[in-house]
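Asks: For reference, this is my_file_28.pdb, and it has PDB, C-alpha atoms, pLDDT in the B column.
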```
ATOM      1  CA  MET A   5      23.293   7.748   4.941  1.00 94.00           C
ATOM      2  CA  THR A   6      20.620   5.063   4.559  1.00 97.00           C
ATOM      3  CA  ASP A   7      21.734   2.062   2.484  1.00 97.00           C
ATOM      4  CA  ILE A   8      18.865   0.492   0.541  1.00 98.00           C
ATOM      5  CA  ILE A   9      18.199  -2.764  -1.298  1.00 97.00           C
ATOM      6  CA  ILE A  10      15.270  -2.663  -3.732  1.00 96.00           C
ATOM      7  CA  THR A  11      13.317  -5.640  -5.015  1.00 94.00           C
ATOM      8  CA  GLY A  12      12.069  -5.527  -8.585  1.00 91.00           C
ATOM      9  CA  ALA A  13      15.067  -3.356  -9.415  1.00 92.00           C
ATOM     10  CA  ASN A  14      14.643  -3.609 -13.193  1.00 91.00           C
ATOM     11  CA  GLY A  15      10.866  -3.193 -13.096  1.00 88.00           C
ATOM     12  CA  LYS A  16       8.901   0.034 -13.590  1.00 86.00           C
ATOM     13  CA  MET A  17       8.723   0.952  -9.899  1.00 89.00           C
ATOM     14  CA  GLY A  18      12.323  -0.087  -9.345  1.00 91.00           C
ATOM     15  CA  LYS A  19      13.480   2.382 -11.963  1.00 92.00           C
ATOM     16  CA  VAL A  20      11.327   5.162 -10.540  1.00 93.00           C
ATOM     17  CA  ILE A  21      12.795   4.522  -7.076  1.00 94.00           C
ATOM     18  CA  GLN A  22      16.292   4.713  -8.552  1.00 94.00           C
ATOM     19  CA  SER A  23      15.459   8.119 -10.003  1.00 93.00           C
ATOM     20  CA  VAL A  24      14.086   9.387  -6.682  1.00 94.00           C
ATOM     21  CA  VAL A  25      17.077   8.146  -4.684  1.00 95.00           C
ATOM     22  CA  ALA A  26      19.508   9.684  -7.196  1.00 94.00           C
ATOM     23  CA  SER A  27      18.091  13.124  -6.390  1.00 94.00           C
ATOM     24  CA  ARG A  28      18.650  12.783  -2.636  1.00 94.00           C
ATOM     25  CA  GLN A  29      21.700  13.092  -0.396  1.00 94.00           C
ATOM     26  CA  ASP A  30      20.481  11.050   2.585  1.00 96.00           C
ATOM     27  CA  CYS A  31      20.245   7.580   1.006  1.00 97.00           C
ATOM     28  CA  GLN A  32      21.728   5.315  -1.649  1.00 97.00           C
ATOM     29  CA  ILE A  33      20.895   2.000  -3.325  1.00 97.00           C
ATOM     30  CA  VAL A  34      23.568  -0.633  -2.666  1.00 97.00           C
ATOM     31  CA  ALA A  35      21.927  -3.617  -4.400  1.00 97.00           C
ATOM     32  CA  GLY A  36      18.865  -4.715  -6.320  1.00 96.00           C
ATOM     33  CA  ILE A  37      16.864  -7.931  -6.660  1.00 95.00           C
ATOM     34  CA  ASP A  38      15.229  -8.968  -9.929  1.00 92.00           C
ATOM     35  CA  LEU A  39      14.768 -12.074 -12.056  1.00 90.00           C
ATOM     36  CA  ASN A  40      16.111  -9.875 -14.844  1.00 91.00           C
ATOM     37  CA  THR A  41      19.704  -9.349 -13.708  1.00 91.00           C
ATOM     38  CA  GLN A  42      20.681  -7.072 -16.582  1.00 89.00           C
ATOM     39  CA  PRO A  43      23.332  -4.663 -15.200  1.00 88.00           C
ATOM     40  CA  ASN A  44      22.414  -0.994 -14.880  1.00 88.00           C
ATOM     41  CA  GLY A  45      25.905   0.314 -14.153  1.00 88.00           C
ATOM     42  CA  MET A  46      24.906   1.785 -10.786  1.00 92.00           C
ATOM     43  CA  PHE A  47      24.651  -1.129  -8.345  1.00 95.00           C
ATOM     44  CA  PRO A  48      24.759  -4.951  -8.522  1.00 96.00           C
ATOM     45  CA  ILE A  49      21.533  -6.789  -9.300  1.00 96.00           C
ATOM     46  CA  TYR A  50      20.977 -10.318  -7.985  1.00 96.00           C
ATOM     47  CA  SER A  51      18.318 -12.886  -8.787  1.00 94.00           C
ATOM     48  CA  SER A  52      17.621 -13.585  -5.089  1.00 92.00           C
ATOM     49  CA  LEU A  53      18.225 -12.075  -1.666  1.00 92.00           C
ATOM     50  CA  ASN A  54      20.450 -14.997  -0.674  1.00 90.00           C
ATOM     51  CA  GLU A  55      23.029 -13.872  -3.263  1.00 94.00           C
ATOM     52  CA  VAL A  56      23.351 -10.322  -1.942  1.00 94.00           C
ATOM     53  CA  LYS A  57      26.816  -9.504  -0.589  1.00 93.00           C
ATOM     54  CA  GLU A  58      26.178  -5.894   0.382  1.00 94.00           C
ATOM     55  CA  LYS A  59      24.952  -4.859   3.835  1.00 93.00           C
ATOM     56  CA  ALA A  60      21.902  -2.602   3.847  1.00 96.00           C
ATOM     57  CA  ASP A  61      19.840  -0.762   6.443  1.00 97.00           C
ATOM     58  CA  VAL A  62      16.492  -1.347   4.749  1.00 97.00           C
ATOM     59  CA  ILE A  63      14.798  -3.178   1.877  1.00 97.00           C
ATOM     60  CA  ILE A  64      12.140  -1.450  -0.225  1.00 97.00           C
ATOM     61  CA  ASP A  65       9.784  -4.083  -1.622  1.00 94.00           C
ATOM     62  CA  PHE A  66       7.651  -3.375  -4.689  1.00 87.00           C
ATOM     63  CA  SER A  67       7.495  -6.944  -5.966  1.00 86.00           C
ATOM     64  CA  ASN A  68       4.995  -9.772  -5.501  1.00 85.00           C
ATOM     65  CA  PRO A  69       3.295 -11.364  -2.471  1.00 88.00           C
ATOM     66  CA  ILE A  70       4.894 -14.730  -3.281  1.00 90.00           C
ATOM     67  CA  LEU A  71       8.260 -13.330  -2.163  1.00 90.00           C
ATOM     68  CA  LEU A  72       7.031 -12.407   1.316  1.00 93.00           C
ATOM     69  CA  ASP A  73       8.430 -15.412   3.197  1.00 94.00           C
ATOM     70  CA  LYS A  74      11.912 -14.910   1.746  1.00 93.00           C
ATOM     71  CA  LEU A  75      11.819 -11.204   2.584  1.00 94.00           C
ATOM     72  CA  LEU A  76      10.788 -11.839   6.181  1.00 95.00           C
ATOM     73  CA  ASP A  77      13.411 -14.560   6.624  1.00 95.00           C
ATOM     74  CA  TYR A  78      16.165 -12.345   5.219  1.00 95.00           C
ATOM     75  CA  SER A  79      15.072  -9.424   7.386  1.00 95.00           C
ATOM     76  CA  ALA A  80      15.167 -11.543  10.548  1.00 94.00           C
ATOM     77  CA  LYS A  81      18.538 -13.136   9.749  1.00 93.00           C
ATOM     78  CA  THR A  82      20.313  -9.904   8.785  1.00 93.00           C
ATOM     79  CA  SER A  83      18.494  -7.405  11.051  1.00 92.00           C
ATOM     80  CA  THR A  84      17.433  -5.433   7.978  1.00 96.00           C
ATOM     81  CA  ALA A  85      14.366  -3.183   8.186  1.00 97.00           C
ATOM     82  CA  LEU A  86      11.601  -3.632   5.615  1.00 97.00           C
ATOM     83  CA  VAL A  87       9.430  -1.197   3.712  1.00 96.00           C
ATOM     84  CA  ILE A  88       6.658  -3.343   2.246  1.00 94.00           C
ATOM     85  CA  ALA A  89       4.780  -1.521  -0.519  1.00 87.00           C
ATOM     86  CA  THR A  90       3.532  -4.615  -2.347  1.00 84.00           C
ATOM     87  CA  THR A  91      -0.250  -5.170  -2.347  1.00 78.00           C
ATOM     88  CA  GLY A  92      -2.465  -8.227  -2.671  1.00 78.00           C
ATOM     89  CA  PHE A  93      -1.550 -10.005   0.574  1.00 86.00           C
ATOM     90  CA  ASN A  94      -4.046 -12.466   2.050  1.00 87.00           C
ATOM     91  CA  GLU A  95      -4.971 -12.557   5.741  1.00 88.00           C
ATOM     92  CA  GLN A  96      -2.407 -15.276   6.500  1.00 94.00           C
ATOM     93  CA  GLN A  97       0.375 -13.199   4.945  1.00 94.00           C
ATOM     94  CA  LYS A  98      -0.704 -10.102   6.861  1.00 92.00           C
ATOM     95  CA  ALA A  99      -0.477 -12.146  10.046  1.00 94.00           C
ATOM     96  CA  LYS A 100       3.068 -13.202   9.108  1.00 95.00           C
ATOM     97  CA  ILE A 101       4.043  -9.556   8.615  1.00 95.00           C
ATOM     98  CA  ALA A 102       2.632  -8.654  12.025  1.00 94.00           C
ATOM     99  CA  GLU A 103       4.513 -11.548  13.656  1.00 95.00           C
ATOM    100  CA  ALA A 104       7.769 -10.599  11.899  1.00 96.00           C
ATOM    101  CA  SER A 105       7.478  -7.022  13.183  1.00 96.00           C
ATOM    102  CA  LYS A 106       8.123  -8.371  16.677  1.00 95.00           C
ATOM    103  CA  VAL A 107      11.772  -8.929  15.725  1.00 94.00           C
ATOM    104  CA  SER A 108      12.310  -6.440  12.874  1.00 95.00           C
ATOM    105  CA  PRO A 109      11.185  -2.893  12.108  1.00 97.00           C
ATOM    106  CA  ILE A 110       8.601  -3.140   9.297  1.00 97.00           C
ATOM    107  CA  PHE A 111       6.926  -0.253   7.500  1.00 96.00           C
ATOM    108  CA  PHE A 112       3.734  -1.651   5.959  1.00 92.00           C
ATOM    109  CA  THR A 113       1.023   0.292   4.165  1.00 85.00           C
ATOM    110  CA  TYR A 114      -1.261  -0.281   1.211  1.00 79.00           C
ATOM    111  CA  ASN A 115      -0.399   3.077  -0.311  1.00 83.00           C
ATOM    112  CA  MET A 116       2.747   5.185   0.016  1.00 86.00           C
ATOM    113  CA  SER A 117       1.036   8.405  -1.119  1.00 88.00           C
ATOM    114  CA  MET A 118       0.691  11.109   1.522  1.00 85.00           C
ATOM    115  CA  GLY A 119      -2.441  12.283  -0.317  1.00 90.00           C
ATOM    116  CA  ILE A 120      -4.155   8.903   0.041  1.00 91.00           C
ATOM    117  CA  ASN A 121      -3.381   8.825   3.742  1.00 88.00           C
ATOM    118  CA  LEU A 122      -4.829  12.323   4.078  1.00 90.00           C
ATOM    119  CA  LEU A 123      -7.917  11.042   2.225  1.00 94.00           C
ATOM    120  CA  ALA A 124      -8.276   8.262   4.810  1.00 93.00           C
ATOM    121  CA  ASN A 125      -8.168  10.816   7.633  1.00 92.00           C
ATOM    122  CA  LEU A 126     -10.739  13.033   5.883  1.00 95.00           C
ATOM    123  CA  ALA A 127     -13.030  10.039   5.416  1.00 96.00           C
ATOM    124  CA  LYS A 128     -12.846   9.240   9.128  1.00 95.00           C
ATOM    125  CA  LYS A 129     -13.696  12.851   9.931  1.00 95.00           C
ATOM    126  CA  ALA A 130     -16.665  12.686   7.552  1.00 96.00           C
ATOM    127  CA  VAL A 131     -18.003   9.572   9.286  1.00 96.00           C
ATOM    128  CA  GLU A 132     -17.662  11.214  12.677  1.00 95.00           C
ATOM    129  CA  ILE A 133     -19.807  14.116  11.448  1.00 95.00           C
ATOM    130  CA  LEU A 134     -22.288  12.269   9.235  1.00 94.00           C
ATOM    131  CA  GLY A 135     -22.825   9.241  11.456  1.00 88.00           C
ATOM    132  CA  ASP A 136     -24.869   6.425   9.920  1.00 88.00           C
ATOM    133  CA  ASP A 137     -27.223   8.674   7.933  1.00 91.00           C
ATOM    134  CA  PHE A 138     -25.117   8.320   4.755  1.00 96.00           C
ATOM    135  CA  ASP A 139     -24.432   5.200   2.704  1.00 96.00           C
ATOM    136  CA  ILE A 140     -20.737   4.676   1.880  1.00 97.00           C
ATOM    137  CA  GLU A 141     -19.387   3.399  -1.436  1.00 98.00           C
ATOM    138  CA  ILE A 142     -15.765   3.192  -2.595  1.00 98.00           C
ATOM    139  CA  VAL A 143     -14.830   3.219  -6.287  1.00 98.00           C
ATOM    140  CA  GLU A 144     -11.243   2.501  -7.332  1.00 97.00           C
ATOM    141  CA  LYS A 145      -9.765   2.697 -10.827  1.00 97.00           C
ATOM    142  CA  HIS A 146      -6.458   1.250 -11.999  1.00 96.00           C
ATOM    143  CA  HIS A 147      -4.597   0.248 -15.155  1.00 95.00           C
ATOM    144  CA  ASN A 148      -5.486  -2.922 -17.037  1.00 96.00           C
ATOM    145  CA  GLN A 149      -2.375  -4.768 -15.811  1.00 91.00           C
ATOM    146  CA  LYS A 150      -3.313  -4.684 -12.108  1.00 91.00           C
ATOM    147  CA  ILE A 151      -4.054  -8.161 -10.787  1.00 87.00           C
ATOM    148  CA  ASP A 152      -5.726  -7.703  -7.388  1.00 87.00           C
ATOM    149  CA  ALA A 153      -9.205  -6.245  -6.927  1.00 91.00           C
ATOM    150  CA  PRO A 154     -10.332  -4.374  -5.012  1.00 93.00           C
ATOM    151  CA  SER A 155      -7.087  -2.503  -4.576  1.00 91.00           C
ATOM    152  CA  GLY A 156      -5.200  -2.652  -1.317  1.00 87.00           C
ATOM    153  CA  THR A 157      -5.715   1.094  -1.043  1.00 91.00           C
ATOM    154  CA  ALA A 158      -9.504   0.725  -1.301  1.00 94.00           C
ATOM    155  CA  LEU A 159      -9.391  -1.831   1.496  1.00 93.00           C
ATOM    156  CA  MET A 160      -7.177   0.476   3.554  1.00 90.00           C
ATOM    157  CA  LEU A 161      -9.687   3.305   3.123  1.00 95.00           C
ATOM    158  CA  ALA A 162     -12.571   1.030   4.115  1.00 96.00           C
ATOM    159  CA  ASP A 163     -10.653  -0.219   7.157  1.00 94.00           C
ATOM    160  CA  SER A 164      -9.991   3.383   8.219  1.00 93.00           C
ATOM    161  CA  ILE A 165     -13.672   4.209   7.913  1.00 96.00           C
ATOM    162  CA  CYS A 166     -14.623   1.171   9.991  1.00 96.00           C
ATOM    163  CA  GLU A 167     -12.438   2.426  12.841  1.00 94.00           C
ATOM    164  CA  VAL A 168     -14.984   5.189  13.507  1.00 95.00           C
ATOM    165  CA  THR A 169     -18.336   3.898  12.206  1.00 93.00           C
ATOM    166  CA  PRO A 170     -21.071   3.728  14.865  1.00 85.00           C
ATOM    167  CA  ASN A 171     -21.934   0.136  13.869  1.00 88.00           C
ATOM    168  CA  PRO A 172     -19.931  -2.813  12.501  1.00 91.00           C
ATOM    169  CA  MET A 173     -19.687  -2.760   8.694  1.00 95.00           C
ATOM    170  CA  LYS A 174     -19.283  -5.459   6.070  1.00 95.00           C
ATOM    171  CA  TYR A 175     -17.723  -5.067   2.630  1.00 96.00           C
ATOM    172  CA  GLU A 176     -19.951  -5.772  -0.370  1.00 95.00           C
ATOM    173  CA  TYR A 177     -17.960  -6.808  -3.446  1.00 93.00           C
ATOM    174  CA  ASP A 178     -20.611  -8.518  -5.558  1.00 84.00           C
ATOM    175  CA  ARG A 179     -23.968  -6.802  -5.225  1.00 84.00           C
ATOM    176  CA  HIS A 180     -25.094  -7.757  -8.724  1.00 83.00           C
ATOM    177  CA  SER A 181     -25.341 -11.438  -7.754  1.00 82.00           C
ATOM    178  CA  LYS A 182     -28.289 -10.910  -5.390  1.00 82.00           C
ATOM    179  CA  ARG A 183     -31.643  -9.178  -5.616  1.00 87.00           C
ATOM    180  CA  GLU A 184     -32.201  -7.267  -2.402  1.00 88.00           C
ATOM    181  CA  LYS A 185     -32.048  -3.728  -1.074  1.00 91.00           C
ATOM    182  CA  ARG A 186     -28.797  -2.268   0.166  1.00 92.00           C
ATOM    183  CA  SER A 187     -28.305  -2.729   3.902  1.00 89.00           C
ATOM    184  CA  LYS A 188     -27.150   0.118   6.140  1.00 89.00           C
ATOM    185  CA  ASN A 189     -24.181  -1.785   7.533  1.00 93.00           C
ATOM    186  CA  GLU A 190     -22.238  -2.253   4.297  1.00 95.00           C
ATOM    187  CA  ILE A 191     -19.545  -0.459   2.321  1.00 97.00           C
ATOM    188  CA  GLY A 192     -19.786  -1.100  -1.409  1.00 96.00           C
ATOM    189  CA  MET A 193     -16.444  -1.801  -3.126  1.00 96.00           C
ATOM    190  CA  HIS A 194     -16.154  -1.302  -6.892  1.00 96.00           C
ATOM    191  CA  ALA A 195     -13.103  -1.965  -9.090  1.00 96.00           C
ATOM    192  CA  ILE A 196     -12.505  -0.517 -12.563  1.00 97.00           C
ATOM    193  CA  ARG A 197      -9.596  -1.672 -14.741  1.00 97.00           C
ATOM    194  CA  GLY A 198      -8.567   0.030 -17.958  1.00 97.00           C
ATOM    195  CA  GLY A 199      -5.841   1.674 -19.962  1.00 96.00           C
ATOM    196  CA  THR A 200      -2.953   3.203 -18.066  1.00 94.00           C
ATOM    197  CA  ILE A 201      -4.832   4.658 -15.072  1.00 95.00           C
ATOM    198  CA  VAL A 202      -2.231   5.007 -12.314  1.00 92.00           C
ATOM    199  CA  GLY A 203      -4.717   5.010  -9.467  1.00 93.00           C
ATOM    200  CA  GLU A 204      -7.948   6.844  -8.595  1.00 96.00           C
ATOM    201  CA  HIS A 205     -10.070   6.432  -5.477  1.00 97.00           C
ATOM    202  CA  ASP A 206     -13.473   7.951  -4.705  1.00 98.00           C
ATOM    203  CA  ILE A 207     -15.275   7.640  -1.381  1.00 98.00           C
ATOM    204  CA  ILE A 208     -18.954   8.437  -1.861  1.00 98.00           C
ATOM    205  CA  PHE A 209     -21.190   9.423   1.054  1.00 98.00           C
ATOM    206  CA  ALA A 210     -24.765   9.252  -0.244  1.00 97.00           C
ATOM    207  CA  GLY A 211     -27.485  10.690   1.986  1.00 96.00           C
ATOM    208  CA  ARG A 212     -31.007  12.001   1.584  1.00 94.00           C
ATOM    209  CA  ASP A 213     -30.934  14.432  -1.343  1.00 97.00           C
ATOM    210  CA  GLU A 214     -27.191  15.109  -1.077  1.00 97.00           C
ATOM    211  CA  ILE A 215     -23.940  13.389  -2.017  1.00 98.00           C
ATOM    212  CA  ILE A 216     -20.434  14.066  -0.716  1.00 98.00           C
ATOM    213  CA  THR A 217     -17.467  12.643  -2.641  1.00 98.00           C
ATOM    214  CA  LEU A 218     -13.856  12.574  -1.433  1.00 98.00           C
ATOM    215  CA  SER A 219     -11.378  11.829  -4.222  1.00 97.00           C
ATOM    216  CA  HIS A 220      -7.707  11.230  -4.876  1.00 97.00           C
ATOM    217  CA  SER A 221      -6.058  10.861  -8.275  1.00 96.00           C
ATOM    218  CA  ALA A 222      -2.471   9.696  -8.747  1.00 92.00           C
ATOM    219  CA  ARG A 223      -0.928  11.111 -11.924  1.00 90.00           C
ATOM    220  CA  SER A 224       2.331   9.136 -11.846  1.00 88.00           C
ATOM    221  CA  LYS A 225       4.002   6.293  -9.977  1.00 83.00           C
ATOM    222  CA  GLU A 226       6.592   8.723  -8.615  1.00 89.00           C
ATOM    223  CA  ILE A 227       4.387   9.676  -5.659  1.00 90.00           C
ATOM    224  CA  PHE A 228       4.562   6.066  -4.434  1.00 89.00           C
ATOM    225  CA  ALA A 229       8.322   5.913  -4.940  1.00 92.00           C
ATOM    226  CA  VAL A 230       8.844   9.173  -3.019  1.00 92.00           C
ATOM    227  CA  GLY A 231       6.738   7.836  -0.161  1.00 91.00           C
ATOM    228  CA  ALA A 232       8.649   4.532  -0.083  1.00 94.00           C
ATOM    229  CA  VAL A 233      12.029   6.255   0.011  1.00 95.00           C
ATOM    230  CA  ASN A 234      10.813   8.604   2.759  1.00 94.00           C
ATOM    231  CA  ALA A 235       9.655   5.533   4.686  1.00 94.00           C
ATOM    232  CA  ALA A 236      13.036   3.830   4.216  1.00 96.00           C
ATOM    233  CA  VAL A 237      14.920   6.819   5.614  1.00 96.00           C
ATOM    234  CA  TYR A 238      12.405   7.141   8.459  1.00 95.00           C
ATOM    235  CA  ILE A 239      12.555   3.507   9.561  1.00 95.00           C
ATOM    236  CA  CYS A 240      16.351   3.243   9.443  1.00 93.00           C
ATOM    237  CA  GLY A 241      17.589   2.638  12.991  1.00 92.00           C
ATOM    238  CA  LYS A 242      14.117   2.150  14.467  1.00 94.00           C
ATOM    239  CA  SER A 243      13.395  -0.631  16.948  1.00 94.00           C
ATOM    240  CA  ALA A 244      11.304  -3.688  16.036  1.00 95.00           C
ATOM    241  CA  GLY A 245       7.648  -2.944  15.418  1.00 95.00           C
ATOM    242  CA  MET A 246       5.007  -2.152  12.816  1.00 95.00           C
ATOM    243  CA  TYR A 247       5.116   1.325  11.272  1.00 94.00           C
ATOM    244  CA  ASP A 248       2.921   3.058   8.704  1.00 88.00           C
ATOM    245  CA  MET A 249       2.164   6.468   7.229  1.00 84.00           C
ATOM    246  CA  LYS A 250       0.558   7.715  10.442  1.00 79.00           C
ATOM    247  CA  GLU A 251       3.993   7.794  12.078  1.00 79.00           C
ATOM    248  CA  LEU A 252       5.693   9.244   9.019  1.00 75.00           C
ATOM    249  CA  ILE A 253       3.339  12.173   8.488  1.00 70.00           C
ATOM    250  CA  GLY A 254       3.059  12.715  12.237  1.00 63.00           C
TER
END
```
Turn the structure described in the file into structure tokens.
Replies:
Amino acid sequence: MTDIIITGANGKMGKVIQSVVASRQDCQIVAGIDLNTQPNGMFPIYSSLNEVKEKADVIIDFSNPILLDKLLDYSAKTSTALVIATTGFNEQQKAKIAEASKVSPIFFTYNMSMGINLLANLAKKAVEILGDDFDIEIVEKHHNQKIDAPSGTALMLADSICEVTPNPMKYEYDRHSKREKRSKNEIGMHAIRGGTIVGEHDIIFAGRDEIITLSHSARSKEIFAVGAVNAAVYICGKSAGMYDMKELIG
């Protein structure tokens, strides 16, 4: 049995995770963290990690990048594994996560969906076949409450593509601010925000007289919760290191 602490326990994702865990027999939530400590009748909810009395195997984090330092400190002090599903980290924070993985097992990915990770693999395969004859653009769409842009998932997809591109690529976020032709060594990144869109990502390969588009559409937040819980069960008992969906989906 994997014992889990969840951050943002009274938030939207926290409640979805609770529902997913309730349907499983291999894990349970022993405590939650949230500024809103309203009881839910299932497990204690604390306003900070330092107040937690229960021992857990892993923390699932769907919260905010500002909590990263406290999460990493708690993980190191208590030997608790981390599943980090929060997005919007800067390069310095990513470096801290990598450093922390030397002493704790950390599962870190920009998207917990198995479909998105399959999309990344398909995009890499497309690049291997198409080479540099096709221009690459990424379009991501999310709800109007999302703060970071482009999405962490869009960046993950671009990073995956760059692993196999014949030449080094740069990311173009603001093409409208300059008047010049598109260069071959760029990946255009476009963010759309509106309504209640859960998450949609298109990778466009535009060549001479033909266009190939790889797409993924998330219809509910549950796919991310299922992935996070699968990651928590997977990482339980693992040695220190950085883990992601590549290990989980094998």
Asks: Show me, as a tab-separated table, the residues of segment 35-135 of chain A having an atom within 8 Å of segment 221-245 of chain A, each with the closest atom pair and its distance in Å, using all atoms listed in the file.
Replies:
```
residue	atom	partner	partner_atom	distance
A:Asp61	CA	A:Cys240	CA	6.1
A:Val62	CA	A:Ala236	CA	6.2
A:Ile63	CA	A:Ala236	CA	7.6
A:Ile64	CA	A:Ala232	CA	6.9
A:Ala85	CA	A:Cys240	CA	6.8
A:Leu86	CA	A:Ala236	CA	7.7
A:Val87	CA	A:Ala236	CA	6.2
A:Ala89	CA	A:Ala232	CA	7.2
A:Ser105	CA	A:Gly245	CA	4.7
A:Lys106	CA	A:Gly245	CA	5.6
A:Val107	CA	A:Ala244	CA	5.3
A:Ser108	CA	A:Ala244	CA	4.3
A:Pro109	CA	A:Ala244	CA	4.0
A:Ile110	CA	A:Gly245	CA	6.2
A:Phe111	CA	A:Ala235	CA	7.0
A:Asn115	CA	A:Phe228	CA	7.1
A:Met116	CA	A:Gly231	CA	4.8
A:Ser117	CA	A:Phe228	CA	5.4
A:Met118	CA	A:Gly231	CA	7.1
```
Asks: Selection in question (the file shown): the PyMOL selection byres ((chain A and resi 93) around 12). Which residues does it include, as a tab-separated table (two decimals) with C-alpha atoms, keeping the file's coordinate frame?
Replies:
```
chain	number	residue	atom	x	y	z
A	67	SER	CA	7.50	-6.94	-5.97
A	68	ASN	CA	5.00	-9.77	-5.50
A	69	PRO	CA	3.30	-11.36	-2.47
A	70	ILE	CA	4.89	-14.73	-3.28
A	71	LEU	CA	8.26	-13.33	-2.16
A	72	LEU	CA	7.03	-12.41	1.32
A	73	ASP	CA	8.43	-15.41	3.20
A	88	ILE	CA	6.66	-3.34	2.25
A	89	ALA	CA	4.78	-1.52	-0.52
A	90	THR	CA	3.53	-4.62	-2.35
A	91	THR	CA	-0.25	-5.17	-2.35
A	92	GLY	CA	-2.46	-8.23	-2.67
A	94	ASN	CA	-4.05	-12.47	2.05
A	95	GLU	CA	-4.97	-12.56	5.74
A	96	GLN	CA	-2.41	-15.28	6.50
A	97	GLN	CA	0.38	-13.20	4.94
A	98	LYS	CA	-0.70	-10.10	6.86
A	99	ALA	CA	-0.48	-12.15	10.05
A	100	LYS	CA	3.07	-13.20	9.11
A	101	ILE	CA	4.04	-9.56	8.62
A	112	PHE	CA	3.73	-1.65	5.96
A	113	THR	CA	1.02	0.29	4.16
A	114	TYR	CA	-1.26	-0.28	1.21
A	151	ILE	CA	-4.05	-8.16	-10.79
A	152	ASP	CA	-5.73	-7.70	-7.39
A	153	ALA	CA	-9.20	-6.24	-6.93
A	154	PRO	CA	-10.33	-4.37	-5.01
A	155	SER	CA	-7.09	-2.50	-4.58
A	156	GLY	CA	-5.20	-2.65	-1.32
A	157	THR	CA	-5.72	1.09	-1.04
A	159	LEU	CA	-9.39	-1.83	1.50
```
Asks: Applied to this file, what does the PyMOL selection byres ((chain A and resi 45) around 12) return in terms of residues, put as a VMD selection string?
Replies: chain A and resid 14 22 34 to 36 41 to 44 46 to 49
Asks: The PyMOL selection byres ((chain A and resi 6) around 6) on the file shown: which residues, as a list in words?
Replies: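 Residues picked by the PyMOL selection byres ((chain A and resi 6) around 6): Met5, Asp7 and Cys31 of chain A.
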Asks: Residues within 7 Å of segment 131-144 of chain A, please, as a list of chain:residue names. Count all atoms listed in the file; anything in the same chain fewer than 5 positions from it doesn't count.
Replies: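 Near neighbours after the sequence-gap exclusion: A:Ala158, A:Val168, A:Thr169, A:Pro170, A:Lys188, A:Ile191, A:Gly192, A:Met193, A:His194, A:Ala195, A:Ile196, A:Glu204, A:His205, A:Asp206, A:Ile207, A:Ile208, A:Phe209, A:Ala210, A:Gly211.
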Asks: Work out how far atom CA of Ile8 of chain A is from atom CA of Asp65 of chain A, in Å to one decimal.
Replies: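 Atom-to-atom, atom CA of Asp65 of chain A and atom CA of Ile8 of chain A are spaced 10.4 Å apart.
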Asks: Every residue with an atom at most 8 Å from (14.4, -6.7, -9.4) (file coordinates; all atoms listed in the file) is what I'm after, so could you write them as a ChimeraX atom specification?
Replies: /A:10-15,18,36-41,49-51,67
Asks: Point out the residue among A:Thr82, A:Lys19, A:Glu167, A:Val24 with the least atom-to-atom distance to Phe66 of chain A, counting only C-alpha atoms.
Replies: A:Lys19
Asks: Excluding same-chain residues fewer than 6 positions from Asn148 of chain A, what lies within 7 Å of it counting all atoms listed in the file, as a ChimeraX atom specification?
Replies: /A:197-200
Asks: To one decimal in Å, tell me the separation between atom CA of Glu103 of chain A and atom CA of Met246 of chain A.
Replies: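 So the two atoms, atom CA of Glu103 of chain A and atom CA of Met246 of chain A, lie 9.4 Å apart.
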Asks: Tell me, in Å to one decimal, how far atom CA of His220 of chain A is from atom CA of Met160 of chain A.
Replies: 13.7 Å
Asks: Select, from A:Ala127, A:Ala102, A:Ile33, A:Leu53, the residue with the minimum atom-to-atom distance to Tyr247 of chain A, counting only C-alpha atoms.
Replies: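 Among the listed residues, A:Ala102 lies closest to Tyr247 of chain A.
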Asks: Just give me the residues with any atom within 9 Å of (4.1, -2.1, -14.2), file coordinates, counting all atoms listed in the file, written as a list in words.
Replies: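 Output: Gly15, Lys16, Met17, Gln149 and Lys150 of chain A.
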Asks: Can you put N, CA and C atoms back into segment 57-64 of chain A and show it as a PDB file, in the frame of the given file?
Replies:
```pdb
ATOM      1  N   LYS A  57      25.591  -9.610  -1.394  1.00 93.00           N
ATOM      2  CA  LYS A  57      26.816  -9.504  -0.589  1.00 93.00           C
ATOM      3  C   LYS A  57      26.862  -8.211   0.221  1.00 93.00           C
ATOM      4  N   GLU A  58      26.147  -7.199  -0.254  1.00 94.00           N
ATOM      5  CA  GLU A  58      26.178  -5.894   0.382  1.00 94.00           C
ATOM      6  C   GLU A  58      25.294  -5.853   1.637  1.00 94.00           C
ATOM      7  N   LYS A  59      25.730  -5.077   2.624  1.00 93.00           N
ATOM      8  CA  LYS A  59      24.952  -4.859   3.835  1.00 93.00           C
ATOM      9  C   LYS A  59      24.088  -3.617   3.643  1.00 93.00           C
ATOM     10  N   ALA A  60      22.816  -3.732   3.996  1.00 96.00           N
ATOM     11  CA  ALA A  60      21.902  -2.602   3.847  1.00 96.00           C
ATOM     12  C   ALA A  60      21.174  -2.332   5.159  1.00 96.00           C
ATOM     13  N   ASP A  61      20.641  -1.118   5.277  1.00 97.00           N
ATOM     14  CA  ASP A  61      19.840  -0.762   6.443  1.00 97.00           C
ATOM     15  C   ASP A  61      18.377  -1.161   6.258  1.00 97.00           C
ATOM     16  N   VAL A  62      17.907  -1.135   5.009  1.00 97.00           N
ATOM     17  CA  VAL A  62      16.492  -1.347   4.749  1.00 97.00           C
ATOM     18  C   VAL A  62      16.274  -1.893   3.340  1.00 97.00           C
ATOM     19  N   ILE A  63      15.228  -2.685   3.182  1.00 97.00           N
ATOM     20  CA  ILE A  63      14.798  -3.178   1.877  1.00 97.00           C
ATOM     21  C   ILE A  63      13.486  -2.495   1.512  1.00 97.00           C
ATOM     22  N   ILE A  64      13.405  -1.956   0.304  1.00 97.00           N
ATOM     23  CA  ILE A  64      12.140  -1.450  -0.225  1.00 97.00           C
ATOM     24  C   ILE A  64      11.582  -2.520  -1.162  1.00 97.00           C
TER      25      ILE A  64
END
```
